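Listing of coords-v5.pdb; format and content: PDB, C-alpha atoms.
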ATOM      1  CA  ARG A 201       0.000   0.000   0.000
ATOM      2  CA  GLU A 202       2.877   2.354   0.747
ATOM      3  CA  ALA A 203       4.521   1.722  -2.640
ATOM      4  CA  ARG A 204       1.220   2.427  -4.408
ATOM      5  CA  LEU A 205       0.985   5.988  -3.065
ATOM      6  CA  VAL A 206       3.117   7.411  -5.903
ATOM      7  CA  LYS A 207       1.463   6.746  -9.247
ATOM      8  CA  SER A 208       2.842   6.155 -12.717
ATOM      9  CA  PRO A 209       1.562   8.184 -15.693
ATOM     10  CA  TYR A 210      -0.572   5.175 -16.730
ATOM     11  CA  GLU A 211      -2.172   5.050 -13.280
ATOM     12  CA  VAL A 212      -2.849   8.791 -13.346
ATOM     13  CA  ALA A 213      -4.505   8.420 -16.766
ATOM     14  CA  CYS A 214      -6.766   5.652 -15.420
ATOM     15  CA  LEU A 215      -7.699   7.748 -12.371
ATOM     16  CA  ARG A 216      -8.440  10.725 -14.606
ATOM     17  CA  ARG A 217     -10.682   8.593 -16.824
ATOM     18  CA  ALA A 218     -12.517   7.129 -13.809
ATOM     19  CA  THR A 219     -13.244  10.687 -12.668
ATOM     20  CA  GLU A 220     -14.353  11.833 -16.129
ATOM     21  CA  ILE A 221     -16.744   8.887 -16.362
ATOM     22  CA  ALA A 222     -18.227   9.718 -12.960
ATOM     23  CA  GLU A 223     -18.662  13.394 -13.807
ATOM     24  CA  ASP A 224     -20.173  12.744 -17.248
ATOM     25  CA  ALA A 225     -22.615  10.166 -15.860
ATOM     26  CA  LEU A 226     -23.562  12.592 -13.096
ATOM     27  CA  LEU A 227     -24.401  15.204 -15.731
ATOM     28  CA  ASP A 228     -26.676  12.600 -17.376
ATOM     29  CA  ALA A 229     -28.542  12.319 -14.084
ATOM     30  CA  LEU A 230     -28.712  16.060 -13.441
ATOM     31  CA  ARG A 231     -30.224  16.651 -16.892
ATOM     32  CA  LEU A 232     -33.166  14.473 -15.833
ATOM     33  CA  ALA A 233     -33.629  16.033 -12.377
ATOM     34  CA  ARG A 234     -37.220  17.229 -12.129
ATOM     35  CA  PRO A 235     -40.008  17.170  -9.553
ATOM     36  CA  GLY A 236     -41.201  13.625  -8.888
ATOM     37  CA  ILE A 237     -38.091  11.700  -9.946
ATOM     38  CA  THR A 238     -36.787   9.496  -7.141
ATOM     39  CA  GLU A 239     -33.337   9.033  -5.683
ATOM     40  CA  MET A 240     -33.308   5.461  -7.004
ATOM     41  CA  GLU A 241     -34.256   6.589 -10.520
ATOM     42  CA  LEU A 242     -31.452   9.171 -10.671
ATOM     43  CA  ALA A 243     -29.009   6.645  -9.223
ATOM     44  CA  ARG A 244     -29.980   4.209 -11.996
ATOM     45  CA  VAL A 245     -29.417   6.902 -14.646
ATOM     46  CA  PHE A 246     -25.975   7.587 -13.171
ATOM     47  CA  GLU A 247     -24.992   3.908 -13.031
ATOM     48  CA  THR A 248     -26.228   3.303 -16.584
ATOM     49  CA  GLY A 249     -24.118   6.233 -17.794
ATOM     50  CA  VAL A 250     -21.088   4.813 -16.012
ATOM     51  CA  ALA A 251     -21.528   1.410 -17.687
ATOM     52  CA  GLN A 252     -22.061   2.975 -21.116
ATOM     53  CA  ARG A 253     -18.707   4.759 -20.748
ATOM     54  CA  GLY A 254     -16.765   1.626 -19.812
ATOM     55  CA  GLY A 255     -16.688   2.105 -16.049
ATOM     56  CA  ARG A 256     -18.171   0.248 -13.124
ATOM     57  CA  PRO A 257     -19.966   1.913 -10.202
ATOM     58  CA  VAL A 258     -18.174   1.432  -6.873
ATOM     59  CA  PHE A 259     -20.682   3.346  -4.746
ATOM     60  CA  THR A 260     -23.690   5.502  -5.556
ATOM     61  CA  VAL A 261     -25.170   7.809  -2.928
ATOM     62  CA  VAL A 262     -28.000   9.967  -4.279
ATOM     63  CA  THR A 263     -30.066  11.751  -1.627
ATOM     64  CA  PHE A 264     -32.584  14.610  -1.663
ATOM     65  CA  GLY A 265     -33.845  17.163   0.856
ATOM     66  CA  GLU A 266     -33.593  16.079   4.467
ATOM     67  CA  ARG A 267     -31.905  12.822   3.374
ATOM     68  CA  ALA A 268     -28.983  14.804   1.909
ATOM     69  CA  ALA A 269     -27.674  15.169   5.484
ATOM     70  CA  LEU A 270     -27.245  11.388   5.775
ATOM     71  CA  ALA A 271     -23.742  10.252   4.875
ATOM     72  CA  ASP A 272     -23.188   7.000   2.964
ATOM     73  CA  THR A 273     -26.838   6.036   2.711
ATOM     74  CA  PRO A 274     -28.438   4.108  -0.166
ATOM     75  CA  PRO A 275     -30.870   5.826  -2.552
ATOM     76  CA  SER A 276     -34.547   5.528  -1.675
ATOM     77  CA  ALA A 277     -37.949   6.141  -3.228
ATOM     78  CA  ARG A 278     -37.845   9.732  -1.911
ATOM     79  CA  ALA A 279     -39.092  11.982  -4.721
ATOM     80  CA  LEU A 280     -37.421  15.243  -5.680
ATOM     81  CA  ALA A 281     -39.346  18.470  -4.975
ATOM     82  CA  PRO A 282     -38.675  22.115  -5.891
ATOM     83  CA  GLY A 283     -36.082  23.659  -3.583
ATOM     84  CA  ASP A 284     -34.588  20.305  -2.566
ATOM     85  CA  VAL A 285     -30.871  19.858  -2.126
ATOM     86  CA  MET A 286     -29.516  16.928  -4.144
ATOM     87  CA  ARG A 287     -26.345  15.278  -2.845
ATOM     88  CA  PHE A 288     -24.316  12.911  -4.988
ATOM     89  CA  ASP A 289     -21.423  10.932  -3.498
ATOM     90  CA  ILE A 290     -20.245   8.658  -6.274
ATOM     91  CA  GLY A 291     -17.340   6.448  -7.170
ATOM     92  CA  VAL A 292     -16.363   4.666 -10.370
ATOM     93  CA  ARG A 293     -13.765   2.026 -11.164
ATOM     94  CA  TYR A 294     -11.962   2.122 -14.518
ATOM     95  CA  GLN A 295      -9.211  -0.384 -15.381
ATOM     96  CA  GLY A 296      -9.001  -1.141 -11.662
ATOM     97  CA  TYR A 297      -8.597   2.506 -10.559
ATOM     98  CA  CYS A 298     -11.181   4.448  -8.567
ATOM     99  CA  SER A 299     -12.715   7.875  -8.543
ATOM    100  CA  ASP A 300     -14.465   9.416  -5.550
ATOM    101  CA  ILE A 301     -16.400  12.624  -6.109
ATOM    102  CA  ALA A 302     -19.270  14.417  -4.435
ATOM    103  CA  ARG A 303     -21.455  17.138  -5.855
ATOM    104  CA  THR A 304     -24.331  19.216  -4.483
ATOM    105  CA  ALA A 305     -27.143  20.676  -6.538
ATOM    106  CA  VAL A 306     -30.515  22.300  -5.869
ATOM    107  CA  LEU A 307     -33.747  21.961  -7.814
ATOM    108  CA  GLY A 308     -34.442  25.669  -8.258
ATOM    109  CA  ARG A 309     -32.667  28.400  -6.295
ATOM    110  CA  PRO A 310     -30.640  27.688  -3.153
ATOM    111  CA  SER A 311     -31.571  29.427   0.081
ATOM    112  CA  PRO A 312     -29.237  32.241   1.181
ATOM    113  CA  LYS A 313     -27.877  30.021   3.987
ATOM    114  CA  LEU A 314     -27.206  27.119   1.628
ATOM    115  CA  ALA A 315     -25.474  29.420  -0.868
ATOM    116  CA  ALA A 316     -23.296  30.929   1.882
ATOM    117  CA  TYR A 317     -22.344  27.530   3.319
ATOM    118  CA  TYR A 318     -21.602  26.140  -0.125
ATOM    119  CA  GLN A 319     -19.324  29.120  -0.796
ATOM    120  CA  ALA A 320     -17.489  28.535   2.501
ATOM    121  CA  MET A 321     -16.933  24.853   1.682
ATOM    122  CA  LEU A 322     -15.727  25.788  -1.807
ATOM    123  CA  GLU A 323     -13.273  28.322  -0.382
ATOM    124  CA  GLY A 324     -11.905  25.658   1.963
ATOM    125  CA  GLU A 325     -11.435  23.242  -0.905
ATOM    126  CA  GLU A 326      -9.805  25.871  -3.121
ATOM    127  CA  ALA A 327      -7.398  26.863  -0.310
ATOM    128  CA  MET A 328      -6.481  23.220   0.174
ATOM    129  CA  LEU A 329      -5.880  22.674  -3.555
ATOM    130  CA  ALA A 330      -3.704  25.801  -3.728
ATOM    131  CA  ALA A 331      -1.596  24.534  -0.812
ATOM    132  CA  ILE A 332      -0.976  20.983  -2.017
ATOM    133  CA  ARG A 333       2.600  20.558  -3.194
ATOM    134  CA  PRO A 334       5.510  18.221  -2.493
ATOM    135  CA  GLY A 335       6.703  18.612   1.080
ATOM    136  CA  ILE A 336       3.505  19.855   2.730
ATOM    137  CA  THR A 337       2.190  17.400   5.310
ATOM    138  CA  ALA A 338      -1.246  15.837   5.366
ATOM    139  CA  GLN A 339      -2.037  17.521   8.672
ATOM    140  CA  GLU A 340      -1.063  20.954   7.283
ATOM    141  CA  ILE A 341      -3.477  20.439   4.384
ATOM    142  CA  PHE A 342      -6.196  19.531   6.896
ATOM    143  CA  ARG A 343      -5.558  22.646   8.965
ATOM    144  CA  ILE A 344      -5.608  24.944   5.908
ATOM    145  CA  ALA A 345      -8.937  23.556   4.674
ATOM    146  CA  VAL A 346     -10.726  23.669   8.029
ATOM    147  CA  ASP A 347      -9.363  27.110   8.945
ATOM    148  CA  GLN A 348     -10.515  28.548   5.608
ATOM    149  CA  VAL A 349     -14.047  27.120   5.903
ATOM    150  CA  ARG A 350     -14.332  28.577   9.407
ATOM    151  CA  ALA A 351     -12.997  31.960   8.267
ATOM    152  CA  ALA A 352     -15.412  31.958   5.322
ATOM    153  CA  GLY A 353     -18.475  31.839   7.541
ATOM    154  CA  VAL A 354     -18.910  28.413   9.171
ATOM    155  CA  PRO A 355     -17.045  28.857  12.490
ATOM    156  CA  HIS A 356     -18.335  25.561  13.927
ATOM    157  CA  TYR A 357     -17.017  23.483  10.990
ATOM    158  CA  GLN A 358     -15.453  20.178  12.091
ATOM    159  CA  ARG A 359     -14.046  17.199  10.208
ATOM    160  CA  GLN A 360     -12.031  14.078  10.959
ATOM    161  CA  HIS A 361     -10.285  14.372   7.569
ATOM    162  CA  VAL A 362     -10.476  16.463   4.399
ATOM    163  CA  GLY A 363      -9.498  13.793   1.918
ATOM    164  CA  HIS A 364      -7.343  10.797   1.255
ATOM    165  CA  ALA A 365      -5.063   9.140  -1.242
ATOM    166  CA  ILE A 366      -6.873   7.289  -4.022
ATOM    167  CA  GLY A 367      -5.870   4.615  -6.512
ATOM    168  CA  LEU A 368      -6.679   0.913  -6.659
ATOM    169  CA  GLU A 369      -8.709   1.514  -3.507
ATOM    170  CA  VAL A 370     -11.044   4.418  -2.885
ATOM    171  CA  TYR A 371      -9.175   5.007   0.379
ATOM    172  CA  ASP A 372      -5.484   4.439  -0.290
ATOM    173  CA  ALA A 373      -3.051   4.508   2.637
ATOM    174  CA  LEU A 374      -2.922   8.247   3.390
ATOM    175  CA  SER A 375      -5.510  10.414   5.112
ATOM    176  CA  LEU A 376      -5.478  14.219   5.113
ATOM    177  CA  ALA A 377      -6.083  14.414   8.841
ATOM    178  CA  PRO A 378      -4.723  15.808  12.106
ATOM    179  CA  GLY A 379      -1.651  13.983  13.344
ATOM    180  CA  VAL A 380      -0.674  12.662   9.904
ATOM    181  CA  GLU A 381       2.827  14.053   9.436
ATOM    182  CA  ARG A 382       3.509  12.282   6.137
ATOM    183  CA  PRO A 383       4.650  14.797   3.523
ATOM    184  CA  ILE A 384       3.046  14.834   0.091
ATOM    185  CA  GLU A 385       5.246  13.573  -2.751
ATOM    186  CA  ALA A 386       5.114  14.310  -6.475
ATOM    187  CA  GLY A 387       2.996  11.673  -8.190
ATOM    188  CA  MET A 388       0.598  11.083  -5.304
ATOM    189  CA  THR A 389      -3.093  11.259  -6.144
ATOM    190  CA  LEU A 390      -5.571  12.663  -3.643
ATOM    191  CA  ALA A 391      -9.320  12.932  -3.290
ATOM    192  CA  VAL A 392      -9.913  16.232  -1.469
ATOM    193  CA  GLU A 393     -13.165  17.217   0.189
ATOM    194  CA  THR A 394     -14.787  19.681   2.557
ATOM    195  CA  PRO A 395     -18.189  18.081   3.192
ATOM    196  CA  TYR A 396     -20.740  19.522   5.593
ATOM    197  CA  TYR A 397     -23.869  17.792   6.879
ATOM    198  CA  GLU A 398     -26.665  19.474   8.839
TER     199      GLU A 398
END

Go ahead and express the file in the form of structure tokens.
Amino acid sequence: REARLVKSPYEVACLRRATEIAEDALLDALRLARPGITEMELARVFETGVAQRGGRPVFTVVTFGERAALADTPPSARALAPGDVMRFDIGVRYQGYCSDIARTAVLGRPSPKLAAYYQAMLEGEEAMLAAIRPGITAQEIFRIAVDQVRAAGVPHYQRQHVGHAIGLEVYDALSLAPGVERPIEAGMTLAVETPYYE
């Protein structure tokens, strides 16, 4: 697992393709988002799009409204309604390599609170991405992300980690978390995230 942390160009290409497949299949699902469609129906659209593009779903979390606050929960028959938050936490395997992405959308306009919180999470993620370079430690990346989210308007923001290495496993052997002093090396691949559930 340690040796797998630094990827070859072939591995990076496979990871990139796994992510492209996930994002393109997600767009298939979002194009069909309308009042009355269920979580399970949108999940099926996503998984069909993944298969059509040569990938294989690893996990598919599609939740609406109040269920969007539930982490790692299977899709249900809950129907989409105007104003609902839609949360997608999806992973795809391509040639053995995994993607892990999450996206949030709203059917209609987001509330002012949701828009402000989304912006704070985005600022945390962008600060983290700007900081990632060889030599920075996993715990420094964690601190930068959490501090930025708090400064951007969510002072109570808490996380156990803000991402992880990714490759043949969704969770490869490095977590972006407090106490992880491992420095980042060139060629490592990371899934970065600033999720918030309420």

The PyMOL selection byres ((chain A and resi 366) around 7) applied to the shown file, residues as number ranges by chain: A: 298, 364-365, 367-372, 389-391

All residues 9 Å or closer to Gly283 of chain A, only C-alpha atoms, same chain fewer than 6 positions away omitted, as number ranges by chain: A: 265, 306-311

With C-alpha atoms retained, export the selected residues as a short mmCIF file (atom, residue, chain, number, x, y, z; two decimals), in the coordinates of the input.
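selection.cif was written with the following content:
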data_model
loop_
_atom_site.label_atom_id
_atom_site.label_comp_id
_atom_site.auth_asym_id
_atom_site.auth_seq_id
_atom_site.Cartn_x
_atom_site.Cartn_y
_atom_site.Cartn_z
CA GLY A 265 -33.84 17.16 0.86
CA VAL A 306 -30.52 22.30 -5.87
CA LEU A 307 -33.75 21.96 -7.81
CA GLY A 308 -34.44 25.67 -8.26
CA ARG A 309 -32.67 28.40 -6.30
CA PRO A 310 -30.64 27.69 -3.15
CA SER A 311 -31.57 29.43 0.08
#

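Take atom CA of Thr273 of chain A and atom CA of Tyr317 of chain A: the distance between them is 22.0 Å.
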
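Residue nearest Ala233 of chain A within the list A:Ala386, A:Ala279, A:Glu381, A:Arg216: A:Ala279 [criterion: smallest interatomic distance, all atoms listed in the file].
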
Report as an mmCIF file with C-alpha atoms, in the frame of the given file all protein, DNA and RNA residues lying within 12 Å of Tyr357 of chain A, evaluated on only C-alpha atoms, omitting residues in the same chain fewer than 2 positions from it.
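Now in part_4.cif:
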data_model
loop_
_atom_site.group_PDB
_atom_site.id
_atom_site.type_symbol
_atom_site.label_atom_id
_atom_site.label_comp_id
_atom_site.auth_asym_id
_atom_site.auth_seq_id
_atom_site.Cartn_x
_atom_site.Cartn_y
_atom_site.Cartn_z
ATOM 1 C CA TYR A 317 -22.344 27.530 3.319
ATOM 2 C CA ALA A 320 -17.489 28.535 2.501
ATOM 3 C CA MET A 321 -16.933 24.853 1.682
ATOM 4 C CA GLY A 324 -11.905 25.658 1.963
ATOM 5 C CA ARG A 343 -5.558 22.646 8.965
ATOM 6 C CA ALA A 345 -8.937 23.556 4.674
ATOM 7 C CA VAL A 346 -10.726 23.669 8.029
ATOM 8 C CA ASP A 347 -9.363 27.110 8.945
ATOM 9 C CA GLN A 348 -10.515 28.548 5.608
ATOM 10 C CA VAL A 349 -14.047 27.120 5.903
ATOM 11 C CA ARG A 350 -14.332 28.577 9.407
ATOM 12 C CA ALA A 351 -12.997 31.960 8.267
ATOM 13 C CA ALA A 352 -15.412 31.958 5.322
ATOM 14 C CA GLY A 353 -18.475 31.839 7.541
ATOM 15 C CA VAL A 354 -18.910 28.413 9.171
ATOM 16 C CA PRO A 355 -17.045 28.857 12.490
ATOM 17 C CA ARG A 359 -14.046 17.199 10.208
ATOM 18 C CA GLN A 360 -12.031 14.078 10.959
ATOM 19 C CA HIS A 361 -10.285 14.372 7.569
ATOM 20 C CA VAL A 362 -10.476 16.463 4.399
ATOM 21 C CA THR A 394 -14.787 19.681 2.557
ATOM 22 C CA PRO A 395 -18.189 18.081 3.192
ATOM 23 C CA TYR A 396 -20.740 19.522 5.593
ATOM 24 C CA TYR A 397 -23.869 17.792 6.879
ATOM 25 C CA GLU A 398 -26.665 19.474 8.839
#

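Counting from atom CA of Glu220 of chain A, the distance to atom CA of Glu266 of chain A is 28.5 Å.
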
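We find atom CA of Ile301 of chain A and atom CA of Ile237 of chain A to be spaced 22.0 Å apart.
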
Residues selected by the PyMOL selection byres ((chain A and resi 204) around 9), written as a tab-separated table (two decimals) with C-alpha atoms, keeping the file's coordinate frame:
chain	number	residue	atom	x	y	z
A	201	ARG	CA	0.00	0.00	0.00
A	202	GLU	CA	2.88	2.35	0.75
A	203	ALA	CA	4.52	1.72	-2.64
A	205	LEU	CA	0.98	5.99	-3.06
A	206	VAL	CA	3.12	7.41	-5.90
A	207	LYS	CA	1.46	6.75	-9.25
A	367	GLY	CA	-5.87	4.62	-6.51
A	368	LEU	CA	-6.68	0.91	-6.66
A	372	ASP	CA	-5.48	4.44	-0.29
A	373	ALA	CA	-3.05	4.51	2.64
A	388	MET	CA	0.60	11.08	-5.30

Calculate, to one decimal in Å, the centre and edge lengths of the box along x, y and z of the file that holds all listed atoms of segment 303-313 of chain A with 5 Å of margin on each side, and present them as lines of an AutoDock Vina configuration file.
center_x = -27.9
center_y = 24.7
center_z = -2.1
size_x = 23.0
size_y = 25.1
size_z = 22.2

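Counting all atoms listed in the file, the residue from A:Glu393, A:Arg303, A:Tyr318, A:Gln295 that sits nearest to Ala213 of chain A is A:Gln295.
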
Expand the PyMOL selection byres ((chain A and resi 239) around 6) into the explicit residue set it covers here, and present it as a PDB file with C-alpha atoms, keeping the file's coordinate frame.
ATOM      1  CA  THR A 238     -36.787   9.496  -7.141  1.00  0.00           C
ATOM      2  CA  MET A 240     -33.308   5.461  -7.004  1.00  0.00           C
ATOM      3  CA  GLU A 241     -34.256   6.589 -10.520  1.00  0.00           C
ATOM      4  CA  LEU A 242     -31.452   9.171 -10.671  1.00  0.00           C
ATOM      5  CA  VAL A 262     -28.000   9.967  -4.279  1.00  0.00           C
ATOM      6  CA  THR A 263     -30.066  11.751  -1.627  1.00  0.00           C
ATOM      7  CA  PRO A 275     -30.870   5.826  -2.552  1.00  0.00           C
ATOM      8  CA  SER A 276     -34.547   5.528  -1.675  1.00  0.00           C
ATOM      9  CA  ALA A 277     -37.949   6.141  -3.228  1.00  0.00           C
ATOM     10  CA  ARG A 278     -37.845   9.732  -1.911  1.00  0.00           C
TER      11      ARG A 278
END

Closest of A:Leu230, A:Ala225, A:Val392, A:Leu376 to Leu329 of chain A - atom-to-atom distances counting only C-alpha atoms: A:Val392
